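Source file: final.cif; contents: mmCIF, C-alpha atoms and all ligand atoms.
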data_input
loop_
_atom_site.label_atom_id
_atom_site.label_comp_id
_atom_site.auth_asym_id
_atom_site.auth_seq_id
_atom_site.Cartn_x
_atom_site.Cartn_y
_atom_site.Cartn_z
CA MET A 240 102.21 31.58 -159.94
CA PRO A 241 104.67 28.96 -158.66
CA ALA A 242 103.34 26.64 -155.94
CA VAL A 243 104.32 27.42 -152.34
CA PRO A 244 107.60 25.58 -151.67
CA THR A 245 107.80 22.90 -148.99
CA ILE A 246 110.38 23.11 -146.20
CA VAL A 247 112.07 20.25 -144.34
CA ASN A 248 114.85 20.24 -141.76
CA VAL A 249 117.80 17.89 -142.26
CA GLY A 250 119.76 19.36 -139.35
CA TYR A 251 121.86 17.80 -136.60
CA ARG A 252 124.15 18.91 -133.75
CA SER A 253 121.81 21.74 -132.70
CA THR A 254 121.91 23.26 -136.17
CA ASN A 255 119.06 23.42 -138.66
CA TYR A 256 119.77 22.71 -142.32
CA TRP A 257 116.71 23.55 -144.39
CA VAL A 258 115.73 22.04 -147.71
CA VAL A 259 113.34 24.25 -149.69
CA SER A 260 111.61 22.30 -152.45
CA ALA A 261 109.46 23.23 -155.39
CA ALA A 262 108.43 19.71 -156.42
CA ASP A 263 111.72 17.96 -157.28
CA SER A 264 113.71 21.19 -157.59
CA ARG A 265 115.42 21.85 -154.29
CA MET A 266 117.76 24.19 -152.50
CA LEU A 267 119.79 23.48 -149.35
CA VAL A 268 120.07 26.40 -146.92
CA ASP A 269 123.19 25.99 -144.76
CA ILE A 270 125.60 23.25 -145.52
CA GLY A 271 126.65 21.20 -142.50
CA TRP A 272 129.52 20.96 -140.05
CA PRO A 273 132.89 20.00 -141.56
CA GLY A 274 133.63 16.29 -141.58
CA THR A 275 129.95 15.27 -141.32
CA MET A 276 129.03 14.34 -144.89
CA GLY A 277 127.88 10.88 -143.73
CA THR A 278 125.41 12.33 -141.23
CA MET A 279 124.18 14.89 -143.75
CA CYS A 280 123.62 12.27 -146.45
CA ALA A 281 121.80 9.98 -143.99
CA ASN A 282 119.48 12.86 -143.00
CA LEU A 283 118.80 13.83 -146.61
CA ASN A 284 117.99 10.21 -147.32
CA ARG A 285 115.68 9.87 -144.35
CA MET A 286 113.79 13.01 -145.35
CA GLY A 287 113.44 11.78 -148.94
CA VAL A 288 115.73 14.37 -150.53
CA PRO A 289 117.81 12.91 -153.38
CA MET A 290 121.19 14.62 -153.69
CA GLY A 291 120.65 14.87 -157.45
CA GLU A 292 117.58 17.08 -156.96
CA ILE A 293 119.43 19.77 -154.97
CA ARG A 294 119.96 22.54 -157.51
CA TYR A 295 121.96 24.86 -155.25
CA ALA A 296 123.49 24.96 -151.79
CA LEU A 297 123.43 28.35 -150.04
CA ALA A 298 125.33 29.23 -146.86
CA THR A 299 123.65 31.99 -144.85
CA HIS A 300 127.22 32.91 -143.87
CA TYR A 301 130.67 31.36 -143.89
CA HIS A 302 131.02 30.02 -140.35
CA MET A 303 131.96 26.39 -139.80
CA ASP A 304 128.52 25.09 -138.82
CA HIS A 305 126.91 26.71 -141.88
CA ALA A 306 129.29 26.04 -144.76
CA GLY A 307 131.43 23.14 -143.50
CA LEU A 308 130.41 20.75 -146.29
CA ALA A 309 130.16 23.23 -149.16
CA GLN A 310 133.09 21.79 -151.12
CA GLU A 311 131.90 18.23 -150.61
CA PHE A 312 128.49 19.19 -151.99
CA LYS A 313 130.21 20.81 -154.96
CA ASN A 314 132.20 17.62 -155.49
CA ALA A 315 128.89 15.70 -155.43
CA GLY A 316 127.53 17.94 -158.19
CA VAL A 317 125.63 20.57 -156.18
CA PRO A 318 126.70 24.12 -157.17
CA LEU A 319 127.49 26.56 -154.36
CA LEU A 320 125.44 29.75 -154.63
CA VAL A 321 127.50 32.69 -153.36
CA LEU A 322 126.23 36.25 -152.88
CA GLU A 323 128.41 39.23 -153.68
CA THR A 324 129.08 40.07 -150.01
CA GLN A 325 130.22 36.51 -149.25
CA ILE A 326 133.08 35.98 -151.69
CA ALA A 327 135.77 37.46 -149.45
CA ALA A 328 134.63 35.41 -146.44
CA ILE A 329 135.14 32.03 -148.12
CA PRO A 330 138.97 31.83 -147.91
CA LEU A 331 138.80 32.87 -144.23
CA MET A 332 136.88 29.70 -143.26
CA LYS A 333 140.02 27.60 -142.96
CA ARG A 334 141.50 29.87 -140.28
CA HIS A 335 139.06 28.47 -137.74
CA MET A 336 139.54 24.82 -138.62
CA LYS A 337 141.66 22.26 -136.81
CA PRO A 338 143.04 19.15 -138.57
CA GLN A 339 140.57 16.93 -136.68
CA ASP A 340 137.64 18.91 -138.13
CA ASN A 341 138.34 17.24 -141.50
CA TYR A 342 137.33 20.40 -143.31
CA VAL A 343 137.56 20.27 -147.11
CA GLU A 344 138.61 23.75 -148.18
CA ILE A 345 136.14 25.58 -150.42
CA THR A 346 137.70 26.61 -153.71
CA LEU A 347 136.49 29.69 -155.55
CA ASP A 348 136.16 27.87 -158.86
CA GLY A 349 132.83 26.44 -159.88
CA ASN A 350 130.87 28.69 -157.52
CA VAL A 351 127.80 30.48 -158.83
CA SER A 352 128.38 34.07 -157.67
CA ILE A 353 125.51 36.53 -158.01
CA SER A 354 124.39 39.94 -156.80
CA PHE A 355 121.36 40.29 -154.52
CA ALA A 356 119.50 41.91 -157.42
CA GLU A 357 119.98 38.74 -159.49
CA SER A 358 118.68 36.37 -156.83
CA ARG A 359 114.96 36.52 -157.68
CA ALA A 360 115.51 35.55 -161.31
CA LEU A 361 117.84 32.72 -160.35
CA LEU A 362 115.36 31.32 -157.82
CA ALA A 363 112.52 31.63 -160.34
CA LYS A 364 114.48 29.42 -162.73
CA ILE A 365 114.32 26.58 -160.20
CA GLY A 366 110.64 27.24 -159.44
CA ILE A 367 111.12 29.04 -156.12
CA GLY A 368 109.42 32.41 -155.64
CA GLY A 369 111.59 34.58 -153.42
CA GLU A 370 114.77 36.58 -153.09
CA ILE A 371 118.02 36.64 -151.16
CA LEU A 372 118.66 39.71 -149.03
CA CYS A 373 121.77 41.21 -147.46
CA THR A 374 121.23 40.92 -143.68
CA PRO A 375 124.48 41.67 -141.82
CA GLY A 376 124.64 41.86 -138.04
CA HIS A 377 125.84 38.45 -136.84
CA SER A 378 128.54 38.70 -139.52
CA GLY A 379 129.18 40.98 -142.47
CA ASP A 380 128.56 38.18 -144.98
CA SER A 381 125.19 37.08 -143.55
CA VAL A 382 122.32 36.74 -146.02
CA SER A 383 118.69 35.64 -145.69
CA LEU A 384 116.50 33.71 -148.11
CA LEU A 385 113.00 35.19 -148.10
CA LEU A 386 110.23 33.23 -149.82
CA ASP A 387 107.19 34.98 -151.25
CA ASP A 388 104.94 33.23 -148.68
CA GLY A 389 106.76 35.11 -145.89
CA SER A 390 109.05 32.27 -144.75
CA VAL A 391 112.55 33.59 -144.12
CA PHE A 392 115.80 31.71 -143.48
CA THR A 393 117.92 33.97 -141.34
CA GLY A 394 120.92 31.85 -140.35
CA ASP A 395 122.38 33.32 -137.18
CA LEU A 396 120.87 36.80 -137.49
CA THR A 397 120.72 37.80 -133.83
CA PRO A 398 117.28 38.26 -132.26
CA LEU A 399 117.01 41.99 -131.63
CA GLY A 400 116.72 41.59 -127.87
CA SER A 401 120.04 39.71 -127.73
CA ALA A 402 122.08 42.04 -129.94
CA THR A 403 125.06 43.73 -128.29
CA ASP A 404 125.42 47.50 -128.53
CA GLU A 405 128.11 47.16 -131.16
CA ASP A 406 126.00 45.18 -133.64
CA LYS A 407 122.57 46.49 -132.63
CA ALA A 408 122.24 49.00 -135.48
CA ALA A 409 123.10 46.45 -138.19
CA VAL A 410 120.89 43.78 -136.64
CA ALA A 411 117.94 46.16 -136.33
CA ALA A 412 118.36 47.32 -139.94
CA SER A 413 118.41 43.71 -141.16
CA TRP A 414 115.20 42.80 -139.29
CA ARG A 415 113.57 46.00 -140.56
CA LEU A 416 114.46 45.11 -144.17
CA LEU A 417 113.06 41.59 -143.76
CA ARG A 418 109.82 42.89 -142.24
CA GLU A 419 109.44 45.51 -145.00
CA ARG A 420 109.87 42.81 -147.66
CA GLY A 421 107.12 40.69 -146.12
CA ALA A 422 108.90 38.23 -143.82
CA ARG A 423 106.51 36.62 -141.32
CA VAL A 424 107.89 33.26 -140.17
CA VAL A 425 111.54 32.88 -139.15
CA TYR A 426 113.46 29.66 -139.87
CA PRO A 427 116.68 30.20 -137.89
CA ALA A 428 119.83 28.08 -138.06
CA HIS A 429 119.53 27.25 -134.36
CA GLY A 430 116.33 26.78 -132.35
CA PRO A 431 112.67 26.52 -133.29
CA VAL A 432 110.72 28.19 -136.08
CA ARG A 433 109.15 31.38 -134.74
CA SER A 434 106.89 34.24 -135.77
CA LEU A 435 108.56 37.50 -136.75
CA LYS A 436 105.99 39.39 -134.67
CA GLY A 437 107.55 40.69 -131.48
CA GLN A 438 111.00 40.16 -132.92
ZN ZN A 501 127.63 32.09 -137.28
#
Can you present the structure in this file as structure tokens?
Amino acid sequence: MPAVPTIVNVGYRSTNYWVVSAADSRMLVDIGWPGTMGTMCANLNRMGVPMGEIRYALATHYHMDHAGLAQEFKNAGVPLLVLETQIAAIPLMKRHMKPQDNYVEITLDGNVSISFAESRALLAKIGIGGEILCTPGHSGDSVSLLLDDGSVFTGDLTPLGSATDEDKAAVAASWRLLRERGARVVYPAHGPVRSLKGQ
């Protein structure tokens, strides 16, 4: 049995960026605002996370506060882990950027693209017990990382009570899937960690 991974937050600007670590094998969940590599590196440093130990970066979805630094991480040697439902969303990122955002466009080359079914084996290779699940609702390309201890990284998956009528069905289905697979503690991209109970 792999040890339970540790979780630290290297976030800033009201956004949580989570580092999941199995000893010195780490994964970054959500990848910064564009143009903020300096802040991100300072936070990683302060939390004792060497860039060279980050085995993958995963964006819960391709919105600017979640994947803004993905190409810069790739350039620094951290592969971008992309799920099958996310590939088409990557080129759309640049549509929302202004020149002053200093966004470095994410290229499709060098990305590690996998299916959801392949995620458990890939995570096991870096010592992390868990899987990545398809959890649309906030956006079609939204995914969640669920660890075997019940910790789940949900990005912007809308709390059920706040879902609008139009996305309510997808949001409810995503929360139901997470609960069925054993999710207990929610690590969202914005706001505090919370229990899944009463969600
Ligand atoms: Zn979003």
* To do: Please give me, as number ranges by chain, the residues lying within 7 Å of ligand ZN 501 (chain A) when counting only C-alpha atoms and all ligand atoms.
  => A: 300, 302, 377, 395
Output the selection as a PDB file, in the coordinates of the input - C-alpha atoms for each residue.
ATOM      1  CA  HIS A 300     127.220  32.910-143.870  1.00  0.00           C
ATOM      2  CA  HIS A 302     131.020  30.020-140.350  1.00  0.00           C
ATOM      3  CA  HIS A 377     125.840  38.450-136.840  1.00  0.00           C
ATOM      4  CA  ASP A 395     122.380  33.320-137.180  1.00  0.00           C
TER       5      ASP A 395
END
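With atom CA of Tyr342 of chain A on one side and atom CA of Glu311 of chain A on the other, the separation reads 9.4 Å.
Shortest atom-to-atom contact with Glu344 of chain A among A:Arg359, A:Lys313, A:Lys407, A:Lys364: A:Lys313, counting only C-alpha atoms.
Distance-wise, atom CA of Pro244 of chain A and atom CA of Ala262 of chain A end up 7.6 Å apart.
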* Within 7 Å of Asn350 of chain A, counting all atoms listed in the file, which residues show up once you throw out same-chain ones fewer than 6 positions away? Write them as a ChimeraX atom specification, please. => /A:318-321
Could the residues of segment 250-351 of chain A that have an atom at most 9 Å from segment 383-390 of chain A be listed as a Markdown table, each with its closest atom pair and the distance in Å to one decimal, counting all atoms listed in the file and ordered by chain and ascending residue number?
| residue | atom | partner | partner_atom | distance |
| --- | --- | --- | --- | --- |
| A:Val268 | CA | A:Leu384 | CA | 8.2 |
| A:Leu297 | CA | A:Leu384 | CA | 9.0 |
| A:Thr299 | CA | A:Ser383 | CA | 6.2 |
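The interatomic distance for the pair atom CA of Ile293 of chain A and atom CA of Pro398 of chain A works out to 29.4 Å.
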* Can you list, as a PyMOL selection string, every protein, DNA or RNA residue that comes within 10 Å of Asp269 of chain A when you count all atoms listed in the file, leaving out same-chain residues fewer than 2 positions away? -> chain A and resi 250+254-258+266-267+271-272+296-302+304-309+392+394+428
Near Thr346 of chain A, within 9 Å and counting all atoms listed in the file, which residues show up once chain neighbours fewer than 4 positions away are dropped, as a short mmCIF file (atom, residue, chain, number, x, y, z; two decimals) with C-alpha atoms, in the coordinates of the input?
data_model
loop_
_atom_site.label_atom_id
_atom_site.label_comp_id
_atom_site.auth_asym_id
_atom_site.auth_seq_id
_atom_site.Cartn_x
_atom_site.Cartn_y
_atom_site.Cartn_z
CA GLN A 310 133.09 21.79 -151.12
CA ILE A 329 135.14 32.03 -148.12
CA PRO A 330 138.97 31.83 -147.91
CA ASN A 350 130.87 28.69 -157.52
#
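Excluding Asn282 of chain A and any residue on its chain fewer than 3 positions from it, the residues at most 6 Å away by only C-alpha atoms are Val249, Met279 and Arg285 of chain A.
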Write the residues of the preceding selection, restricted to C-alpha atoms, as a PDB file, in the frame of the given file.
ATOM      1  CA  VAL A 249     117.800  17.890-142.260  1.00  0.00           C
ATOM      2  CA  MET A 279     124.180  14.890-143.750  1.00  0.00           C
ATOM      3  CA  ARG A 285     115.680   9.870-144.350  1.00  0.00           C
TER       4      ARG A 285
END
* Find the residues with any atom within 9 Å of (119.4, 40.4, -133.2); use only C-alpha atoms and the coordinates as given in the file, and write the answer as a PyMOL selection string. => chain A and resi 376-377+395-403+406-407+409-411+413-414+438
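Distance check against Ile345 of chain A using all atoms listed in the file: of A:Thr275, A:Thr324, A:Ser260, A:Asn314, the minimum falls on A:Asn314.
The shortest atom-to-atom distance to Tyr251 of chain A, with only C-alpha atoms taken into account, belongs to A:Thr278 out of A:Thr374, A:Thr278, A:Ser264, A:Gln325.
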* Write out as a list in words the residues lying within 9 Å of segment 288-290 of chain A, counting all atoms listed in the file and excluding same-chain residues fewer than 2 positions away. => Val258, Asp263, Arg265, Cys280, Asn282, Leu283, Asn284, Arg285, Met286, Glu292, Ile293, Arg294, Phe312, Ala315, Gly316 and Val317 of chain A
* Structure fact -> Using only C-alpha atoms, the shortest atom-to-atom distance to Leu417 of chain A among A:Val243, A:Gly430, A:Asp404, A:Val391 belongs to A:Val391
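Compared by their closest atoms to Ser381 of chain A, and using only C-alpha atoms, the residues A:Leu322, A:Pro273, A:Ser358, A:Val425 rank with A:Leu322 nearest.
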